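Engineer: Here you go, coords_31.cif (mmCIF, N, CA and C atoms):
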data_model
#
loop_
_atom_site.label_atom_id
_atom_site.label_comp_id
_atom_site.auth_asym_id
_atom_site.auth_seq_id
_atom_site.Cartn_x
_atom_site.Cartn_y
_atom_site.Cartn_z
N MET A 1 43.82 -64.11 -106.78
CA MET A 1 43.71 -64.73 -105.48
C MET A 1 44.48 -63.92 -104.44
N TYR A 2 45.67 -63.48 -104.80
CA TYR A 2 46.49 -62.76 -103.82
C TYR A 2 45.94 -61.38 -103.50
N ILE A 3 45.26 -60.77 -104.46
CA ILE A 3 44.67 -59.47 -104.18
C ILE A 3 43.53 -59.60 -103.17
N SER A 4 42.82 -60.73 -103.18
CA SER A 4 41.77 -60.93 -102.17
C SER A 4 42.37 -61.13 -100.79
N PHE A 5 43.53 -61.79 -100.72
CA PHE A 5 44.22 -61.91 -99.44
C PHE A 5 44.64 -60.54 -98.92
N ALA A 6 45.07 -59.66 -99.82
CA ALA A 6 45.43 -58.30 -99.41
C ALA A 6 44.22 -57.58 -98.83
N GLY A 7 43.05 -57.75 -99.46
CA GLY A 7 41.83 -57.13 -98.94
C GLY A 7 41.48 -57.63 -97.56
N ILE A 8 41.61 -58.94 -97.35
CA ILE A 8 41.31 -59.52 -96.04
C ILE A 8 42.30 -59.03 -94.99
N ILE A 9 43.58 -58.96 -95.35
CA ILE A 9 44.60 -58.47 -94.42
C ILE A 9 44.35 -57.01 -94.08
N PHE A 10 43.95 -56.19 -95.08
CA PHE A 10 43.63 -54.79 -94.81
C PHE A 10 42.47 -54.69 -93.82
N MET A 11 41.49 -55.56 -93.93
CA MET A 11 40.37 -55.54 -93.00
C MET A 11 40.82 -55.87 -91.57
N PHE A 12 41.66 -56.89 -91.42
CA PHE A 12 42.16 -57.25 -90.09
C PHE A 12 43.04 -56.14 -89.50
N VAL A 13 43.87 -55.53 -90.33
CA VAL A 13 44.71 -54.42 -89.85
C VAL A 13 43.84 -53.26 -89.41
N SER A 14 42.78 -52.98 -90.15
CA SER A 14 41.91 -51.88 -89.78
C SER A 14 41.20 -52.15 -88.45
N ILE A 15 40.79 -53.39 -88.22
CA ILE A 15 40.17 -53.73 -86.93
C ILE A 15 41.14 -53.48 -85.79
N GLY A 16 42.37 -53.95 -85.95
CA GLY A 16 43.37 -53.75 -84.91
C GLY A 16 43.67 -52.29 -84.65
N LEU A 17 43.79 -51.51 -85.73
CA LEU A 17 44.09 -50.08 -85.55
C LEU A 17 42.92 -49.32 -84.93
N ILE A 18 41.70 -49.69 -85.27
CA ILE A 18 40.55 -49.02 -84.67
C ILE A 18 40.48 -49.33 -83.17
N LEU A 19 40.69 -50.59 -82.82
CA LEU A 19 40.70 -50.93 -81.39
C LEU A 19 41.82 -50.22 -80.66
N LEU A 20 42.99 -50.16 -81.27
CA LEU A 20 44.12 -49.47 -80.66
C LEU A 20 43.83 -47.99 -80.47
N SER A 21 43.28 -47.35 -81.48
CA SER A 21 43.04 -45.91 -81.38
C SER A 21 41.93 -45.58 -80.37
N ARG A 22 40.96 -46.46 -80.22
CA ARG A 22 39.86 -46.17 -79.30
C ARG A 22 40.17 -46.48 -77.86
N HIS A 23 41.01 -47.49 -77.61
CA HIS A 23 41.19 -47.94 -76.24
C HIS A 23 42.56 -47.62 -75.63
N LYS A 24 43.58 -47.47 -76.44
CA LYS A 24 44.93 -47.32 -75.89
C LYS A 24 45.55 -45.94 -76.11
N LEU A 25 45.15 -45.26 -77.17
CA LEU A 25 45.80 -44.00 -77.52
C LEU A 25 44.91 -42.81 -77.20
N LYS A 26 45.52 -41.65 -77.06
CA LYS A 26 44.80 -40.42 -76.77
C LYS A 26 45.29 -39.31 -77.68
N GLY A 27 44.43 -38.35 -77.92
CA GLY A 27 44.80 -37.13 -78.61
C GLY A 27 45.05 -37.29 -80.10
N LEU A 28 46.07 -36.59 -80.57
CA LEU A 28 46.38 -36.53 -82.00
C LEU A 28 46.81 -37.89 -82.54
N LEU A 29 47.55 -38.65 -81.75
CA LEU A 29 48.00 -39.96 -82.20
C LEU A 29 46.80 -40.91 -82.41
N ALA A 30 45.80 -40.82 -81.56
CA ALA A 30 44.60 -41.63 -81.74
C ALA A 30 43.85 -41.24 -83.01
N MET A 31 43.81 -39.94 -83.30
CA MET A 31 43.13 -39.49 -84.50
C MET A 31 43.86 -39.94 -85.77
N ILE A 32 45.18 -39.84 -85.77
CA ILE A 32 45.96 -40.28 -86.92
C ILE A 32 45.82 -41.78 -87.14
N THR A 33 45.85 -42.54 -86.05
CA THR A 33 45.69 -43.99 -86.15
C THR A 33 44.29 -44.35 -86.65
N ALA A 34 43.28 -43.63 -86.20
CA ALA A 34 41.91 -43.90 -86.64
C ALA A 34 41.75 -43.58 -88.12
N ILE A 35 42.34 -42.50 -88.58
CA ILE A 35 42.27 -42.15 -90.00
C ILE A 35 42.94 -43.22 -90.84
N MET A 36 44.11 -43.69 -90.40
CA MET A 36 44.78 -44.77 -91.13
C MET A 36 43.91 -46.03 -91.13
N ALA A 37 43.27 -46.33 -90.00
CA ALA A 37 42.43 -47.52 -89.91
C ALA A 37 41.26 -47.44 -90.86
N TYR A 38 40.61 -46.28 -90.92
CA TYR A 38 39.47 -46.16 -91.82
C TYR A 38 39.89 -46.15 -93.28
N LEU A 39 41.09 -45.67 -93.58
CA LEU A 39 41.61 -45.79 -94.95
C LEU A 39 41.85 -47.25 -95.32
N PHE A 40 42.46 -48.01 -94.40
CA PHE A 40 42.63 -49.45 -94.64
C PHE A 40 41.28 -50.14 -94.84
N LEU A 41 40.30 -49.76 -94.02
CA LEU A 41 38.97 -50.35 -94.13
C LEU A 41 38.34 -50.04 -95.48
N PHE A 42 38.47 -48.81 -95.93
CA PHE A 42 37.90 -48.40 -97.22
C PHE A 42 38.58 -49.14 -98.37
N VAL A 43 39.91 -49.18 -98.37
CA VAL A 43 40.64 -49.86 -99.45
C VAL A 43 40.35 -51.36 -99.43
N GLY A 44 40.33 -51.96 -98.27
CA GLY A 44 40.00 -53.37 -98.16
C GLY A 44 38.59 -53.66 -98.64
N GLY A 45 37.65 -52.78 -98.32
CA GLY A 45 36.27 -52.95 -98.79
C GLY A 45 36.15 -52.84 -100.29
N ILE A 46 36.89 -51.90 -100.88
CA ILE A 46 36.89 -51.75 -102.34
C ILE A 46 37.46 -53.00 -102.99
N ILE A 47 38.54 -53.54 -102.45
CA ILE A 47 39.15 -54.75 -103.00
C ILE A 47 38.20 -55.92 -102.91
N ILE A 48 37.58 -56.12 -101.75
CA ILE A 48 36.65 -57.23 -101.57
C ILE A 48 35.44 -57.06 -102.50
N PHE A 49 34.93 -55.84 -102.60
CA PHE A 49 33.80 -55.56 -103.49
C PHE A 49 34.15 -55.92 -104.94
N TYR A 50 35.34 -55.52 -105.37
CA TYR A 50 35.77 -55.83 -106.74
C TYR A 50 35.90 -57.34 -106.96
N ILE A 51 36.48 -58.04 -106.02
CA ILE A 51 36.68 -59.48 -106.16
C ILE A 51 35.34 -60.22 -106.20
N VAL A 52 34.41 -59.83 -105.34
CA VAL A 52 33.12 -60.51 -105.27
C VAL A 52 32.30 -60.26 -106.54
N PHE A 53 32.28 -59.03 -107.01
CA PHE A 53 31.41 -58.72 -108.14
C PHE A 53 32.09 -58.88 -109.50
N SER A 54 33.36 -59.24 -109.54
CA SER A 54 33.98 -59.50 -110.84
C SER A 54 33.61 -60.88 -111.34
N GLY A 55 33.13 -61.75 -110.47
CA GLY A 55 32.63 -63.05 -110.87
C GLY A 55 33.73 -64.05 -111.12
N PRO A 56 33.32 -65.26 -111.46
CA PRO A 56 34.32 -66.32 -111.74
C PRO A 56 35.04 -66.05 -113.06
N THR A 57 36.25 -66.51 -113.12
CA THR A 57 37.04 -66.34 -114.34
C THR A 57 37.21 -67.67 -115.04
N GLY A 58 37.44 -67.59 -116.30
CA GLY A 58 37.84 -68.75 -117.07
C GLY A 58 36.75 -69.63 -117.50
#
Translate this file's structure into structure tokens.
Structural biologist:
Amino acid sequence: MYISFAGIIFMFVSIGLILLSRHKLKGLLAMITAIMAYLFLFVGGIIIFYIVFSGPTG
């Protein structure tokens, strides 16, 4: 259960970082923030994918 919460939190963090990098930051800092955001998005997506397709337990 807690790992799914981590996936959801990673998704929300990635949304915030993408918006920040596109609208508020410029140059190298925007690129670094965007890379971090897309890494969070990828990891969050992998976690959510695993949780959904692992099926019910017990």
Engineer: Enumerate, as a count of residues only, the residues matched when the PyMOL selection byres (((chain A and resi 43 and name CA) around 12) and name CA) is run on the file above.
Structural biologist: 24
Engineer: To one decimal in Å, tell me the separation between CA of Ile15 (chain A) and CA of Gly55 (chain A).
Structural biologist: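 These two atoms are separated by 26.8 Å.
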Engineer: Written as an mmCIF file with N, CA and C atoms, in the coordinates of the input, which residues does the PyMOL selection byres ((chain A and resi 34) around 8) give for the file shown?
Structural biologist:
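This is the output file selection_26.cif:
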data_model
loop_
_atom_site.group_PDB
_atom_site.id
_atom_site.type_symbol
_atom_site.label_atom_id
_atom_site.label_comp_id
_atom_site.auth_asym_id
_atom_site.auth_seq_id
_atom_site.Cartn_x
_atom_site.Cartn_y
_atom_site.Cartn_z
ATOM 1 N N LEU A 17 43.790 -51.510 -85.730
ATOM 2 C CA LEU A 17 44.090 -50.080 -85.550
ATOM 3 C C LEU A 17 42.920 -49.320 -84.930
ATOM 4 N N ILE A 18 41.700 -49.690 -85.270
ATOM 5 C CA ILE A 18 40.550 -49.020 -84.670
ATOM 6 C C ILE A 18 40.480 -49.330 -83.170
ATOM 7 N N LEU A 19 40.690 -50.590 -82.820
ATOM 8 C CA LEU A 19 40.700 -50.930 -81.390
ATOM 9 C C LEU A 19 41.820 -50.220 -80.660
ATOM 10 N N LEU A 20 42.990 -50.160 -81.270
ATOM 11 C CA LEU A 20 44.120 -49.470 -80.660
ATOM 12 C C LEU A 20 43.830 -47.990 -80.470
ATOM 13 N N SER A 21 43.280 -47.350 -81.480
ATOM 14 C CA SER A 21 43.040 -45.910 -81.380
ATOM 15 C C SER A 21 41.930 -45.580 -80.370
ATOM 16 N N ARG A 22 40.960 -46.460 -80.220
ATOM 17 C CA ARG A 22 39.860 -46.170 -79.300
ATOM 18 C C ARG A 22 40.170 -46.480 -77.860
ATOM 19 N N LEU A 28 46.070 -36.590 -80.570
ATOM 20 C CA LEU A 28 46.380 -36.530 -82.000
ATOM 21 C C LEU A 28 46.810 -37.890 -82.540
ATOM 22 N N LEU A 29 47.550 -38.650 -81.750
ATOM 23 C CA LEU A 29 48.000 -39.960 -82.200
ATOM 24 C C LEU A 29 46.800 -40.910 -82.410
ATOM 25 N N ALA A 30 45.800 -40.820 -81.560
ATOM 26 C CA ALA A 30 44.600 -41.630 -81.740
ATOM 27 C C ALA A 30 43.850 -41.240 -83.010
ATOM 28 N N MET A 31 43.810 -39.940 -83.300
ATOM 29 C CA MET A 31 43.130 -39.490 -84.500
ATOM 30 C C MET A 31 43.860 -39.940 -85.770
ATOM 31 N N ILE A 32 45.180 -39.840 -85.770
ATOM 32 C CA ILE A 32 45.960 -40.280 -86.920
ATOM 33 C C ILE A 32 45.820 -41.780 -87.140
ATOM 34 N N THR A 33 45.850 -42.540 -86.050
ATOM 35 C CA THR A 33 45.690 -43.990 -86.150
ATOM 36 C C THR A 33 44.290 -44.350 -86.650
ATOM 37 N N ILE A 35 42.340 -42.500 -88.580
ATOM 38 C CA ILE A 35 42.270 -42.150 -90.000
ATOM 39 C C ILE A 35 42.940 -43.220 -90.840
ATOM 40 N N MET A 36 44.110 -43.690 -90.400
ATOM 41 C CA MET A 36 44.780 -44.770 -91.130
ATOM 42 C C MET A 36 43.910 -46.030 -91.130
ATOM 43 N N ALA A 37 43.270 -46.330 -90.000
ATOM 44 C CA ALA A 37 42.430 -47.520 -89.910
ATOM 45 C C ALA A 37 41.260 -47.440 -90.860
ATOM 46 N N TYR A 38 40.610 -46.280 -90.920
ATOM 47 C CA TYR A 38 39.470 -46.160 -91.820
ATOM 48 C C TYR A 38 39.890 -46.150 -93.280
ATOM 49 N N LEU A 39 41.090 -45.670 -93.580
ATOM 50 C CA LEU A 39 41.610 -45.790 -94.950
ATOM 51 C C LEU A 39 41.850 -47.250 -95.320
ATOM 52 N N PHE A 40 42.460 -48.010 -94.400
ATOM 53 C CA PHE A 40 42.630 -49.450 -94.640
ATOM 54 C C PHE A 40 41.280 -50.140 -94.840
#
Engineer: What's the separation between CA of His23 (chain A) and atom C of Phe5 (chain A), in Å to one decimal place?
Structural biologist: 26.2 Å
Engineer: Saving region 23-51 of chain A with N, CA, C and O atoms, as a PDB file, in the first residue's frame, what would that file be?
Structural biologist:
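The result, written out as out27.pdb:
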ATOM      1  N   HIS A  23       7.796  27.169 -16.804  1.00  0.00           N
ATOM      2  CA  HIS A  23       7.244  28.514 -16.674  1.00  0.00           C
ATOM      3  C   HIS A  23       8.088  29.474 -15.838  1.00  0.00           C
ATOM      4  O   HIS A  23       7.986  30.685 -16.032  1.00  0.00           O
ATOM      5  N   LYS A  24       8.884  28.972 -14.920  1.00  0.00           N
ATOM      6  CA  LYS A  24       9.587  29.872 -14.004  1.00  0.00           C
ATOM      7  C   LYS A  24      11.103  29.899 -14.195  1.00  0.00           C
ATOM      8  O   LYS A  24      11.731  30.893 -13.883  1.00  0.00           O
ATOM      9  N   LEU A  25      11.677  28.819 -14.691  1.00  0.00           N
ATOM     10  CA  LEU A  25      13.137  28.726 -14.764  1.00  0.00           C
ATOM     11  C   LEU A  25      13.618  28.871 -16.196  1.00  0.00           C
ATOM     12  O   LEU A  25      12.878  28.632 -17.147  1.00  0.00           O
ATOM     13  N   LYS A  26      14.878  29.239 -16.343  1.00  0.00           N
ATOM     14  CA  LYS A  26      15.495  29.408 -17.652  1.00  0.00           C
ATOM     15  C   LYS A  26      16.850  28.722 -17.676  1.00  0.00           C
ATOM     16  O   LYS A  26      17.503  28.552 -16.643  1.00  0.00           O
ATOM     17  N   GLY A  27      17.272  28.325 -18.853  1.00  0.00           N
ATOM     18  CA  GLY A  27      18.614  27.836 -19.071  1.00  0.00           C
ATOM     19  C   GLY A  27      18.892  26.460 -18.495  1.00  0.00           C
ATOM     20  O   GLY A  27      18.055  25.550 -18.543  1.00  0.00           O
ATOM     21  N   LEU A  28      20.090  26.312 -17.944  1.00  0.00           N
ATOM     22  CA  LEU A  28      20.565  25.025 -17.449  1.00  0.00           C
ATOM     23  C   LEU A  28      19.745  24.534 -16.264  1.00  0.00           C
ATOM     24  O   LEU A  28      19.453  23.336 -16.160  1.00  0.00           O
ATOM     25  N   LEU A  29      19.330  25.439 -15.395  1.00  0.00           N
ATOM     26  CA  LEU A  29      18.537  25.046 -14.236  1.00  0.00           C
ATOM     27  C   LEU A  29      17.181  24.471 -14.670  1.00  0.00           C
ATOM     28  O   LEU A  29      16.704  23.495 -14.079  1.00  0.00           O
ATOM     29  N   ALA A  30      16.584  25.028 -15.708  1.00  0.00           N
ATOM     30  CA  ALA A  30      15.325  24.494 -16.221  1.00  0.00           C
ATOM     31  C   ALA A  30      15.521  23.100 -16.801  1.00  0.00           C
ATOM     32  O   ALA A  30      14.684  22.217 -16.604  1.00  0.00           O
ATOM     33  N   MET A  31      16.645  22.889 -17.477  1.00  0.00           N
ATOM     34  CA  MET A  31      16.915  21.580 -18.051  1.00  0.00           C
ATOM     35  C   MET A  31      17.151  20.527 -16.967  1.00  0.00           C
ATOM     36  O   MET A  31      16.627  19.412 -17.060  1.00  0.00           O
ATOM     37  N   ILE A  32      17.897  20.874 -15.938  1.00  0.00           N
ATOM     38  CA  ILE A  32      18.145  19.943 -14.841  1.00  0.00           C
ATOM     39  C   ILE A  32      16.854  19.607 -14.112  1.00  0.00           C
ATOM     40  O   ILE A  32      16.588  18.442 -13.792  1.00  0.00           O
ATOM     41  N   THR A  33      16.019  20.618 -13.878  1.00  0.00           N
ATOM     42  CA  THR A  33      14.738  20.392 -13.213  1.00  0.00           C
ATOM     43  C   THR A  33      13.829  19.521 -14.073  1.00  0.00           C
ATOM     44  O   THR A  33      13.145  18.635 -13.559  1.00  0.00           O
ATOM     45  N   ALA A  34      13.828  19.734 -15.374  1.00  0.00           N
ATOM     46  CA  ALA A  34      12.997  18.934 -16.272  1.00  0.00           C
ATOM     47  C   ALA A  34      13.469  17.485 -16.298  1.00  0.00           C
ATOM     48  O   ALA A  34      12.646  16.559 -16.301  1.00  0.00           O
ATOM     49  N   ILE A  35      14.765  17.267 -16.303  1.00  0.00           N
ATOM     50  CA  ILE A  35      15.294  15.897 -16.280  1.00  0.00           C
ATOM     51  C   ILE A  35      14.889  15.199 -14.994  1.00  0.00           C
ATOM     52  O   ILE A  35      14.457  14.036 -15.013  1.00  0.00           O
ATOM     53  N   MET A  36      15.006  15.899 -13.866  1.00  0.00           N
ATOM     54  CA  MET A  36      14.571  15.314 -12.595  1.00  0.00           C
ATOM     55  C   MET A  36      13.077  15.001 -12.624  1.00  0.00           C
ATOM     56  O   MET A  36      12.643  13.946 -12.139  1.00  0.00           O
ATOM     57  N   ALA A  37      12.286  15.908 -13.209  1.00  0.00           N
ATOM     58  CA  ALA A  37      10.840  15.701 -13.274  1.00  0.00           C
ATOM     59  C   ALA A  37      10.498  14.476 -14.101  1.00  0.00           C
ATOM     60  O   ALA A  37       9.658  13.666 -13.703  1.00  0.00           O
ATOM     61  N   TYR A  38      11.153  14.320 -15.242  1.00  0.00           N
ATOM     62  CA  TYR A  38      10.851  13.166 -16.078  1.00  0.00           C
ATOM     63  C   TYR A  38      11.357  11.874 -15.454  1.00  0.00           C
ATOM     64  O   TYR A  38      10.749  10.815 -15.673  1.00  0.00           O
ATOM     65  N   LEU A  39      12.417  11.922 -14.671  1.00  0.00           N
ATOM     66  CA  LEU A  39      12.847  10.733 -13.921  1.00  0.00           C
ATOM     67  C   LEU A  39      11.815  10.350 -12.865  1.00  0.00           C
ATOM     68  O   LEU A  39      11.487   9.166 -12.702  1.00  0.00           O
ATOM     69  N   PHE A  40      11.303  11.350 -12.133  1.00  0.00           N
ATOM     70  CA  PHE A  40      10.229  11.081 -11.169  1.00  0.00           C
ATOM     71  C   PHE A  40       9.002  10.494 -11.869  1.00  0.00           C
ATOM     72  O   PHE A  40       8.373   9.567 -11.366  1.00  0.00           O
ATOM     73  N   LEU A  41       8.665  11.048 -13.038  1.00  0.00           N
ATOM     74  CA  LEU A  41       7.518  10.553 -13.794  1.00  0.00           C
ATOM     75  C   LEU A  41       7.720   9.104 -14.214  1.00  0.00           C
ATOM     76  O   LEU A  41       6.812   8.278 -14.095  1.00  0.00           O
ATOM     77  N   PHE A  42       8.906   8.781 -14.688  1.00  0.00           N
ATOM     78  CA  PHE A  42       9.208   7.419 -15.125  1.00  0.00           C
ATOM     79  C   PHE A  42       9.151   6.438 -13.953  1.00  0.00           C
ATOM     80  O   PHE A  42       8.518   5.379 -14.054  1.00  0.00           O
ATOM     81  N   VAL A  43       9.785   6.790 -12.840  1.00  0.00           N
ATOM     82  CA  VAL A  43       9.796   5.904 -11.673  1.00  0.00           C
ATOM     83  C   VAL A  43       8.381   5.752 -11.108  1.00  0.00           C
ATOM     84  O   VAL A  43       7.958   4.636 -10.762  1.00  0.00           O
ATOM     85  N   GLY A  44       7.647   6.831 -11.024  1.00  0.00           N
ATOM     86  CA  GLY A  44       6.268   6.762 -10.555  1.00  0.00           C
ATOM     87  C   GLY A  44       5.405   5.906 -11.466  1.00  0.00           C
ATOM     88  O   GLY A  44       4.566   5.125 -11.000  1.00  0.00           O
ATOM     89  N   GLY A  45       5.603   6.019 -12.768  1.00  0.00           N
ATOM     90  CA  GLY A  45       4.860   5.201 -13.721  1.00  0.00           C
ATOM     91  C   GLY A  45       5.179   3.727 -13.587  1.00  0.00           C
ATOM     92  O   GLY A  45       4.288   2.874 -13.659  1.00  0.00           O
ATOM     93  N   ILE A  46       6.454   3.410 -13.383  1.00  0.00           N
ATOM     94  CA  ILE A  46       6.857   2.013 -13.181  1.00  0.00           C
ATOM     95  C   ILE A  46       6.221   1.463 -11.909  1.00  0.00           C
ATOM     96  O   ILE A  46       5.717   0.329 -11.895  1.00  0.00           O
ATOM     97  N   ILE A  47       6.214   2.241 -10.846  1.00  0.00           N
ATOM     98  CA  ILE A  47       5.613   1.792  -9.583  1.00  0.00           C
ATOM     99  C   ILE A  47       4.121   1.557  -9.753  1.00  0.00           C
ATOM    100  O   ILE A  47       3.590   0.514  -9.349  1.00  0.00           O
ATOM    101  N   ILE A  48       3.418   2.497 -10.374  1.00  0.00           N
ATOM    102  CA  ILE A  48       1.981   2.360 -10.580  1.00  0.00           C
ATOM    103  C   ILE A  48       1.687   1.161 -11.487  1.00  0.00           C
ATOM    104  O   ILE A  48       0.766   0.380 -11.230  1.00  0.00           O
ATOM    105  N   PHE A  49       2.473   1.001 -12.539  1.00  0.00           N
ATOM    106  CA  PHE A  49       2.311  -0.141 -13.449  1.00  0.00           C
ATOM    107  C   PHE A  49       2.469  -1.456 -12.691  1.00  0.00           C
ATOM    108  O   PHE A  49       1.670  -2.378 -12.867  1.00  0.00           O
ATOM    109  N   TYR A  50       3.481  -1.536 -11.846  1.00  0.00           N
ATOM    110  CA  TYR A  50       3.703  -2.761 -11.064  1.00  0.00           C
ATOM    111  C   TYR A  50       2.539  -3.038 -10.107  1.00  0.00           C
ATOM    112  O   TYR A  50       2.074  -4.175 -10.008  1.00  0.00           O
ATOM    113  N   ILE A  51       2.065  -2.014  -9.433  1.00  0.00           N
ATOM    114  CA  ILE A  51       0.983  -2.190  -8.466  1.00  0.00           C
ATOM    115  C   ILE A  51      -0.306  -2.626  -9.166  1.00  0.00           C
ATOM    116  O   ILE A  51      -1.005  -3.532  -8.706  1.00  0.00           O
TER     117      ILE A  51
END
